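**Student:** Data: run-v9.pdb, PDB, C-alpha atoms and all ligand atoms.
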```
ATOM      1  CA  MET A  23      16.255 -17.193   5.298  1.00  0.00           C
ATOM      2  CA  SER A  24      14.324 -14.363   3.680  1.00  0.00           C
ATOM      3  CA  ASP A  25      11.172 -13.067   5.336  1.00  0.00           C
ATOM      4  CA  CYS A  26       9.698 -12.354   1.900  1.00  0.00           C
ATOM      5  CA  LEU A  27       6.902 -14.797   1.109  1.00  0.00           C
ATOM      6  CA  PHE A  28       7.617 -14.854  -2.625  1.00  0.00           C
ATOM      7  CA  CYS A  29      11.392 -15.166  -2.199  1.00  0.00           C
ATOM      8  CA  ARG A  30      10.715 -18.167   0.034  1.00  0.00           C
ATOM      9  CA  ILE A  31       8.430 -19.705  -2.592  1.00  0.00           C
ATOM     10  CA  LEU A  32      11.042 -19.064  -5.300  1.00  0.00           C
ATOM     11  CA  ALA A  33      13.703 -20.707  -3.083  1.00  0.00           C
ATOM     12  CA  LYS A  34      11.364 -23.713  -2.703  1.00  0.00           C
ATOM     13  CA  GLU A  35      11.218 -23.138   1.074  1.00  0.00           C
ATOM     14  CA  LEU A  36       7.432 -22.852   0.816  1.00  0.00           C
ATOM     15  CA  PRO A  37       5.134 -24.852  -1.445  1.00  0.00           C
ATOM     16  CA  ALA A  38       3.264 -23.301  -4.339  1.00  0.00           C
ATOM     17  CA  GLU A  39       1.422 -24.462  -7.419  1.00  0.00           C
ATOM     18  CA  ILE A  40       3.785 -23.310 -10.150  1.00  0.00           C
ATOM     19  CA  LEU A  41       2.021 -22.893 -13.492  1.00  0.00           C
ATOM     20  CA  TYR A  42       4.898 -21.690 -15.658  1.00  0.00           C
ATOM     21  CA  GLU A  43       8.502 -20.500 -15.311  1.00  0.00           C
ATOM     22  CA  ASN A  44      10.955 -18.660 -17.528  1.00  0.00           C
ATOM     23  CA  GLU A  45      14.338 -16.996 -17.023  1.00  0.00           C
ATOM     24  CA  HIS A  46      13.064 -14.012 -15.008  1.00  0.00           C
ATOM     25  CA  ALA A  47       9.545 -14.881 -13.875  1.00  0.00           C
ATOM     26  CA  VAL A  48       7.449 -17.566 -12.231  1.00  0.00           C
ATOM     27  CA  ALA A  49       3.661 -17.937 -12.413  1.00  0.00           C
ATOM     28  CA  VAL A  50       1.881 -19.403  -9.377  1.00  0.00           C
ATOM     29  CA  LEU A  51      -1.693 -19.838  -8.244  1.00  0.00           C
ATOM     30  CA  ASP A  52      -2.817 -17.258  -5.678  1.00  0.00           C
ATOM     31  CA  ILE A  53      -3.850 -19.232  -2.572  1.00  0.00           C
ATOM     32  CA  ASN A  54      -6.565 -16.659  -1.785  1.00  0.00           C
ATOM     33  CA  PRO A  55      -8.094 -16.254  -5.233  1.00  0.00           C
ATOM     34  CA  ILE A  56     -10.746 -13.830  -6.443  1.00  0.00           C
ATOM     35  CA  HIS A  57     -11.798 -16.746  -8.646  1.00  0.00           C
ATOM     36  CA  PHE A  58     -10.229 -20.210  -8.935  1.00  0.00           C
ATOM     37  CA  GLY A  59      -7.347 -19.966 -11.382  1.00  0.00           C
ATOM     38  CA  HIS A  60      -6.310 -16.465 -10.149  1.00  0.00           C
ATOM     39  CA  ALA A  61      -2.584 -16.459 -10.933  1.00  0.00           C
ATOM     40  CA  LEU A  62       0.377 -14.294  -9.963  1.00  0.00           C
ATOM     41  CA  ILE A  63       3.371 -13.519 -12.133  1.00  0.00           C
ATOM     42  CA  VAL A  64       6.356 -13.022  -9.815  1.00  0.00           C
ATOM     43  CA  PRO A  65       9.830 -11.853 -10.900  1.00  0.00           C
ATOM     44  CA  ARG A  66      12.657 -14.072  -9.660  1.00  0.00           C
ATOM     45  CA  ALA A  67      14.602 -11.011  -8.436  1.00  0.00           C
ATOM     46  CA  HIS A  68      13.295  -9.461  -5.223  1.00  0.00           C
ATOM     47  CA  CYS A  69      11.945  -5.979  -5.903  1.00  0.00           C
ATOM     48  CA  LYS A  70       9.334  -4.361  -3.732  1.00  0.00           C
ATOM     49  CA  ASP A  71       7.208  -2.753  -6.430  1.00  0.00           C
ATOM     50  CA  PHE A  72       6.907  -1.788 -10.096  1.00  0.00           C
ATOM     51  CA  LEU A  73       9.463   1.019  -9.806  1.00  0.00           C
ATOM     52  CA  GLU A  74      12.113  -1.428  -8.603  1.00  0.00           C
ATOM     53  CA  LEU A  75      11.354  -4.017 -11.276  1.00  0.00           C
ATOM     54  CA  PRO A  76      14.528  -4.715 -13.305  1.00  0.00           C
ATOM     55  CA  LYS A  77      14.048  -3.693 -16.936  1.00  0.00           C
ATOM     56  CA  GLU A  78      15.644  -6.920 -18.127  1.00  0.00           C
ATOM     57  CA  SER A  79      12.691  -8.805 -16.636  1.00  0.00           C
ATOM     58  CA  PHE A  80       9.941  -6.776 -18.391  1.00  0.00           C
ATOM     59  CA  HIS A  81       9.722  -8.985 -21.446  1.00  0.00           C
ATOM     60  CA  ASN A  82       9.759 -12.241 -19.475  1.00  0.00           C
ATOM     61  CA  ILE A  83       7.061 -11.000 -17.076  1.00  0.00           C
ATOM     62  CA  LEU A  84       4.693  -9.933 -19.852  1.00  0.00           C
ATOM     63  CA  ASP A  85       5.492 -13.053 -21.837  1.00  0.00           C
ATOM     64  CA  ALA A  86       4.601 -15.204 -18.805  1.00  0.00           C
ATOM     65  CA  ALA A  87       1.436 -13.143 -18.251  1.00  0.00           C
ATOM     66  CA  GLN A  88       0.264 -13.678 -21.824  1.00  0.00           C
ATOM     67  CA  ILE A  89       1.046 -17.402 -21.754  1.00  0.00           C
ATOM     68  CA  VAL A  90      -0.824 -17.859 -18.465  1.00  0.00           C
ATOM     69  CA  ALA A  91      -3.748 -15.649 -19.549  1.00  0.00           C
ATOM     70  CA  LYS A  92      -4.156 -17.788 -22.680  1.00  0.00           C
ATOM     71  CA  ALA A  93      -4.153 -20.921 -20.515  1.00  0.00           C
ATOM     72  CA  LEU A  94      -6.754 -19.417 -18.157  1.00  0.00           C
ATOM     73  CA  VAL A  95      -9.002 -18.440 -21.072  1.00  0.00           C
ATOM     74  CA  GLN A  96      -8.683 -21.957 -22.468  1.00  0.00           C
ATOM     75  CA  SER A  97      -9.078 -23.735 -19.126  1.00  0.00           C
ATOM     76  CA  PHE A  98     -12.146 -21.858 -17.905  1.00  0.00           C
ATOM     77  CA  HIS A  99     -13.657 -20.803 -21.257  1.00  0.00           C
ATOM     78  CA  LEU A 100     -13.308 -17.171 -20.176  1.00  0.00           C
ATOM     79  CA  GLN A 101     -14.884 -14.227 -21.912  1.00  0.00           C
ATOM     80  CA  GLY A 102     -12.817 -11.837 -19.791  1.00  0.00           C
ATOM     81  CA  TYR A 103     -10.068 -11.507 -17.206  1.00  0.00           C
ATOM     82  CA  ASN A 104      -8.221  -8.749 -15.354  1.00  0.00           C
ATOM     83  CA  LEU A 105      -4.501  -8.017 -15.140  1.00  0.00           C
ATOM     84  CA  PHE A 106      -3.517  -5.704 -12.311  1.00  0.00           C
ATOM     85  CA  THR A 107      -0.780  -4.870  -9.845  1.00  0.00           C
ATOM     86  CA  ASN A 108      -1.049  -3.143  -6.463  1.00  0.00           C
ATOM     87  CA  ASN A 109       1.866  -0.880  -5.578  1.00  0.00           C
ATOM     88  CA  GLY A 110       2.105   0.464  -2.023  1.00  0.00           C
ATOM     89  CA  ARG A 111       0.025  -0.388   1.019  1.00  0.00           C
ATOM     90  CA  ILE A 112      -2.645   2.244   0.284  1.00  0.00           C
ATOM     91  CA  ALA A 113      -3.070   0.686  -3.169  1.00  0.00           C
ATOM     92  CA  GLY A 114      -3.744  -2.704  -1.618  1.00  0.00           C
ATOM     93  CA  GLN A 115      -0.276  -4.262  -1.845  1.00  0.00           C
ATOM     94  CA  SER A 116       0.152  -6.884   0.889  1.00  0.00           C
ATOM     95  CA  VAL A 117       3.284  -8.776  -0.243  1.00  0.00           C
ATOM     96  CA  PHE A 118       6.116  -6.351  -0.934  1.00  0.00           C
ATOM     97  CA  HIS A 119       7.665  -8.304  -3.785  1.00  0.00           C
ATOM     98  CA  PHE A 120       6.241  -7.072  -7.076  1.00  0.00           C
ATOM     99  CA  HIS A 121       3.596  -9.325  -8.624  1.00  0.00           C
ATOM    100  CA  LEU A 122       1.117  -9.104 -11.442  1.00  0.00           C
ATOM    101  CA  HIS A 123      -2.344 -10.566 -10.831  1.00  0.00           C
ATOM    102  CA  ILE A 124      -4.300 -12.326 -13.560  1.00  0.00           C
ATOM    103  CA  THR A 125      -7.790 -13.283 -12.528  1.00  0.00           C
ATOM    104  CA  PRO A 126     -10.677 -14.846 -14.415  1.00  0.00           C
ATOM    105  CA  ARG A 127     -13.893 -12.835 -14.676  1.00  0.00           C
ATOM    106  CA  TYR A 128     -17.423 -14.054 -15.167  1.00  0.00           C
ATOM    107  CA  ALA A 129     -20.689 -12.390 -16.048  1.00  0.00           C
ATOM    108  CA  ASN A 130     -22.523 -11.207 -12.919  1.00  0.00           C
ATOM    109  CA  ASP A 131     -19.637 -12.160 -10.601  1.00  0.00           C
ATOM    110  CA  ASN A 132     -20.296  -9.016  -8.533  1.00  0.00           C
ATOM    111  CA  ILE A 133     -16.640  -7.990  -8.522  1.00  0.00           C
ATOM    112  CA  GLN A 134     -16.387  -4.288  -9.192  1.00  0.00           C
ATOM    113  CA  PHE A 135     -13.674  -1.723  -9.316  1.00  0.00           C
ATOM    114  CA  VAL A 136     -15.880   1.122  -8.114  1.00  0.00           C
ATOM    115  CA  LEU A 137     -14.604   4.259  -9.785  1.00  0.00           C
ATOM    116  CA  LYS A 138     -15.816   7.794  -9.240  1.00  0.00           C
ATOM    117  CA  LEU A 139     -14.565   9.411 -12.411  1.00  0.00           C
ATOM    118  CA  LYS A 140     -13.579  13.090 -12.248  1.00  0.00           C
ATOM    119  CA  GLN A 141     -13.674  15.870 -14.808  1.00  0.00           C
ATOM    120  CA  TYR A 142     -10.636  18.144 -15.255  1.00  0.00           C
ATOM    121  CA  PRO A 143     -11.504  21.821 -14.707  1.00  0.00           C
ATOM    122  CA  ASP A 144     -10.524  24.150 -17.584  1.00  0.00           C
ATOM    123  CA  GLY A 145      -6.745  24.069 -18.132  1.00  0.00           C
ATOM    124  CA  GLU A 146      -6.106  21.364 -15.552  1.00  0.00           C
ATOM    125  CA  LEU A 147      -5.679  18.564 -18.081  1.00  0.00           C
ATOM    126  CA  HIS A 148      -2.797  20.488 -19.705  1.00  0.00           C
ATOM    127  CA  ARG A 149      -1.277  21.557 -16.323  1.00  0.00           C
ATOM    128  CA  THR A 150      -1.391  17.970 -15.097  1.00  0.00           C
ATOM    129  CA  ALA A 151       0.284  16.689 -18.253  1.00  0.00           C
ATOM    130  CA  ALA A 152       2.970  19.405 -17.978  1.00  0.00           C
ATOM    131  CA  LEU A 153       3.681  18.468 -14.348  1.00  0.00           C
ATOM    132  CA  ILE A 154       4.080  14.801 -15.181  1.00  0.00           C
ATOM    133  CA  LYS A 155       6.121  15.470 -18.338  1.00  0.00           C
ATOM    134  CA  GLN A 156       8.685  17.555 -16.413  1.00  0.00           C
ATOM    135  CA  ASN A 157       9.274  14.482 -14.235  1.00  0.00           C
ATOM    136  CA  ILE A 158       9.604  11.963 -17.061  1.00  0.00           C
ATOM    137  CA  THR A 159      13.071  10.446 -16.998  1.00  0.00           C
ATOM    138  CA  THR A 160      14.238   7.632 -19.180  1.00  0.00           C
ATOM    139  CA  SER A 161      17.336   6.545 -17.299  1.00  0.00           C
TER     140      SER A 161
HETATM  141 ZN    ZN A 201      11.048 -11.241  -2.351  1.00  0.00          ZN
END
```
For the file at hand, write its structure as structure tokens.
Ligand SMILES: [Zn+2]

**Tutor:**
Amino acid sequence: MSDCLFCRILAKELPAEILYENEHAVAVLDINPIHFGHALIVPRAHCKDFLELPKESFHNILDAAQIVAKALVQSFHLQGYNLFTNNGRIAGQSVFHFHLHITPRYANDNIQFVLKLKQYPDGELHRTAALIKQNITTS
């Protein structure tokens, strides 16, 4: 038996409200939602984070996300929603099986991603881009 919560849900060892399934992904309701209807898109293959996500599942995951987002908009008459994924403990990841959150948003719901935006000093924008570009690999 796996000790991964999502693998156990996918193996039907634990109950979940499944909203939608396709070949590579399953959409379930988050049991601790930001708002009711907060859904998770979970790949069927165990992978701890975005970097381990199998490329063959990309299309199915985004397809499931769009289908579920449309259903959330329709179900709750949403004017907005967030899609996000936490990767690594310091980024807020608590279940180490990749998942994409989709959560409804409402006016004045007091949920904020508090961002302190920075300014690049002269030349730093280009140096930062150069650093990242030298580490871009496509294989
Ligand atoms: Zn897993």

**Student:** Would you mind reading off the distance between CA of Leu62 (chain A) and CA of His123 (chain A), one decimal, in Å?

**Tutor:**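 Rounded to one decimal, the two atoms are 4.7 Å apart.
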
**Student:** What residues of the protein or nucleic acid chains come within 6 Å of ligand ZN 201 (chain A) when you use only C-alpha atoms and all ligand atoms? Reply as a list in words.

**Tutor:**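 The distance check yields Cys26, Phe28, Cys29, His68 and His119 of chain A.
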
**Student:** Can I get the selection written as a tab-separated table (two decimals), in the frame of the given file, with C-alpha atoms?

**Tutor:**
```tsv
chain	number	residue	atom	x	y	z
A	26	CYS	CA	9.70	-12.35	1.90
A	28	PHE	CA	7.62	-14.85	-2.62
A	29	CYS	CA	11.39	-15.17	-2.20
A	68	HIS	CA	13.30	-9.46	-5.22
A	119	HIS	CA	7.66	-8.30	-3.78
```

**Student:** Can you list what the PyMOL selection byres (((chain A and resi 40) around 12) and not hetatm) grabs from this structure, as number ranges by chain?

**Tutor:** A: 28, 31-32, 34, 36-39, 41-44, 47-53, 59, 61-64, 86, 90

**Student:** Care to translate the PyMOL selection byres (((chain A and resi 107) around 7) and not hetatm) into actual residues of this file, as a PyMOL selection string?

**Tutor:** chain A and resi 106+108-109+121-123

**Student:** Of the candidates A:Ser97, A:Ser116, A:Thr125, A:Ser161, which shows the shortest atom-to-atom distance to His57 (chain A), using all atoms listed in the file?

**Tutor:**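 Of A:Ser97, A:Ser116, A:Thr125, A:Ser161, the one nearest His57 (chain A) is A:Thr125, counting all atoms listed in the file.
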
**Student:** Given the choices A:Phe58, A:Gln101, A:Gln88, A:Gln115, which gets closest to Asp71 (chain A) if the distance is worked out from all atoms listed in the file?

**Tutor:**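 Ranked by minimum distance to Asp71 (chain A), first place goes to A:Gln115.
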
**Student:** Report, in Å to a single decimal, how far apart CA of Gly110 (chain A) and CA of His46 (chain A) are.

**Tutor:**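 Computing the Euclidean distance for CA of His46 (chain A) and CA of Gly110 (chain A) yields 22.3 Å.
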
**Student:** List as a count of residues only: which residues have an atom within 10 Å of (10.3, -4.1, -9.3), counting all atoms listed in the file?

**Tutor:** 20

**Student:** Enter the distance from CA of Ile154 (chain A) to CA of Ile124 (chain A), in Å, rounded to one decimal.

**Tutor:**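 Answer for the CA of Ile154 (chain A) to CA of Ile124 (chain A) separation: 28.4 Å.
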
**Student:** Counting only C-alpha atoms, which of A:Ile56, A:Glu78, A:Val117, A:Ile89 gets nearest to Asp25 (chain A)?

**Tutor:**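 Looking only at the distances to Asp25 (chain A), the closest residue turns out to be A:Val117.
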
**Student:** Smallest atom-to-atom distance to Ala93 (chain A): which of A:Pro126, A:Gly145, A:Gly114, A:Pro55, using all atoms listed in the file?

**Tutor:** A:Pro126

**Student:** Just checking: using all atoms listed in the file, which residue out of A:Glu35, A:Glu45, A:Ala151, A:Phe135 ends up closest to Asp85 (chain A)?

**Tutor:**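 Closest residue, counting all atoms listed in the file: A:Glu45.
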
**Student:** Nearest residue to Leu94 (chain A) out of A:Gln156, A:His60, A:Tyr128, A:Gln134, using only C-alpha atoms?

**Tutor:**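 Selected residue with least distance to Leu94 (chain A): A:His60.
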